[in-house]
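Student: Just one file: input_17.cif, with mmCIF, C-alpha atoms, pLDDT in the B column; chains and numbers go by the auth columns.
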```cif
data_coords
#
loop_
_atom_site.group_PDB
_atom_site.id
_atom_site.type_symbol
_atom_site.label_atom_id
_atom_site.label_comp_id
_atom_site.label_asym_id
_atom_site.label_seq_id
_atom_site.Cartn_x
_atom_site.Cartn_y
_atom_site.Cartn_z
_atom_site.B_iso_or_equiv
_atom_site.auth_seq_id
_atom_site.auth_asym_id
ATOM 1 C CA MET A 1 105.653 95.646 117.668 80.00 1 A
ATOM 2 C CA ASP A 2 107.140 99.092 117.597 91.00 2 A
ATOM 3 C CA TYR A 3 106.610 101.213 114.483 88.00 3 A
ATOM 4 C CA SER A 4 107.859 104.607 113.420 92.00 4 A
ATOM 5 C CA ILE A 5 106.484 106.716 110.580 89.00 5 A
ATOM 6 C CA ARG A 6 108.728 108.834 108.423 89.00 6 A
ATOM 7 C CA GLU A 7 108.441 110.714 105.169 90.00 7 A
ATOM 8 C CA LEU A 8 108.814 108.748 101.956 85.00 8 A
ATOM 9 C CA ARG A 9 112.168 109.201 100.288 88.00 9 A
ATOM 10 C CA GLN A 10 112.167 109.995 96.581 87.00 10 A
ATOM 11 C CA ASN A 11 113.970 106.777 95.641 88.00 11 A
ATOM 12 C CA GLU A 12 111.361 104.678 97.484 86.00 12 A
ATOM 13 C CA SER A 13 108.349 105.608 95.371 84.00 13 A
ATOM 14 C CA LYS A 14 108.788 102.752 92.879 84.00 14 A
ATOM 15 C CA VAL A 15 109.045 100.141 95.616 88.00 15 A
ATOM 16 C CA LEU A 16 105.932 101.575 97.268 86.00 16 A
ATOM 17 C CA ASN A 17 104.058 101.145 93.990 84.00 17 A
ATOM 18 C CA THR A 18 105.097 97.481 93.948 84.00 18 A
ATOM 19 C CA PHE A 19 104.019 96.967 97.566 83.00 19 A
ATOM 20 C CA LEU A 20 100.603 98.504 96.896 83.00 20 A
ATOM 21 C CA TYR A 21 100.148 96.433 93.730 78.00 21 A
ATOM 22 C CA GLU A 22 100.885 93.210 95.589 77.00 22 A
ATOM 23 C CA ALA A 23 98.855 94.104 98.679 77.00 23 A
ATOM 24 C CA ILE A 24 95.725 95.078 96.752 75.00 24 A
ATOM 25 C CA LEU A 25 95.661 92.673 93.816 71.00 25 A
ATOM 26 C CA PHE A 26 97.232 89.510 95.180 68.00 26 A
ATOM 27 C CA GLN A 27 95.317 89.679 98.454 62.00 27 A
ATOM 28 C CA LYS A 28 92.041 89.494 96.565 58.00 28 A
ATOM 29 C CA GLY A 29 93.234 86.595 94.400 58.00 29 A
ATOM 30 C CA PHE A 30 93.694 88.531 91.182 61.00 30 A
ATOM 31 C CA LEU A 31 96.522 87.520 88.914 60.00 31 A
ATOM 32 C CA TYR A 32 97.596 90.010 86.289 58.00 32 A
ATOM 33 C CA HIS A 33 100.450 89.526 83.883 50.00 33 A
ATOM 34 C CA GLN A 34 100.957 93.256 83.478 53.00 34 A
ATOM 35 C CA LYS A 35 100.800 95.950 86.094 56.00 35 A
ATOM 36 C CA ARG A 36 98.129 98.470 85.260 56.00 36 A
ATOM 37 C CA LEU A 37 98.603 100.817 88.200 50.00 37 A
#
```
Starting from the file, give its structure as structure tokens.
Tutor:
Amino acid sequence: MDYSIRELRQNESKVLNTFLYEAILFQKGFLYHQKRL
């Protein structure tokens, strides 16, 4: 695979928060009804 790294755009910060929430909490088997991050 070929990856490139770029700076985060301002309108992408909310989607990044969602990605991190899912990657950290769902990977470990946690299930939360409300996001606390």
Student: Could you work out how far CA of Ile24 (chain A) lies from CA of Tyr3 (chain A), giving the answer in Å with one decimal?
Tutor: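 Interatomic distance, CA of Tyr3 (chain A) to CA of Ile24 (chain A): 21.7 Å.
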Student: In Å, rounded to a single decimal, give me how far CA of Arg9 (chain A) is from CA of Tyr21 (chain A).
Tutor: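 Separation of CA of Tyr21 (chain A) and CA of Arg9 (chain A): 18.7 Å.
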Student: Please measure the separation of CA of Leu25 (chain A) and CA of Asp2 (chain A), giving the value in Å to one decimal.
Tutor: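 These atoms are spaced 27.2 Å apart.
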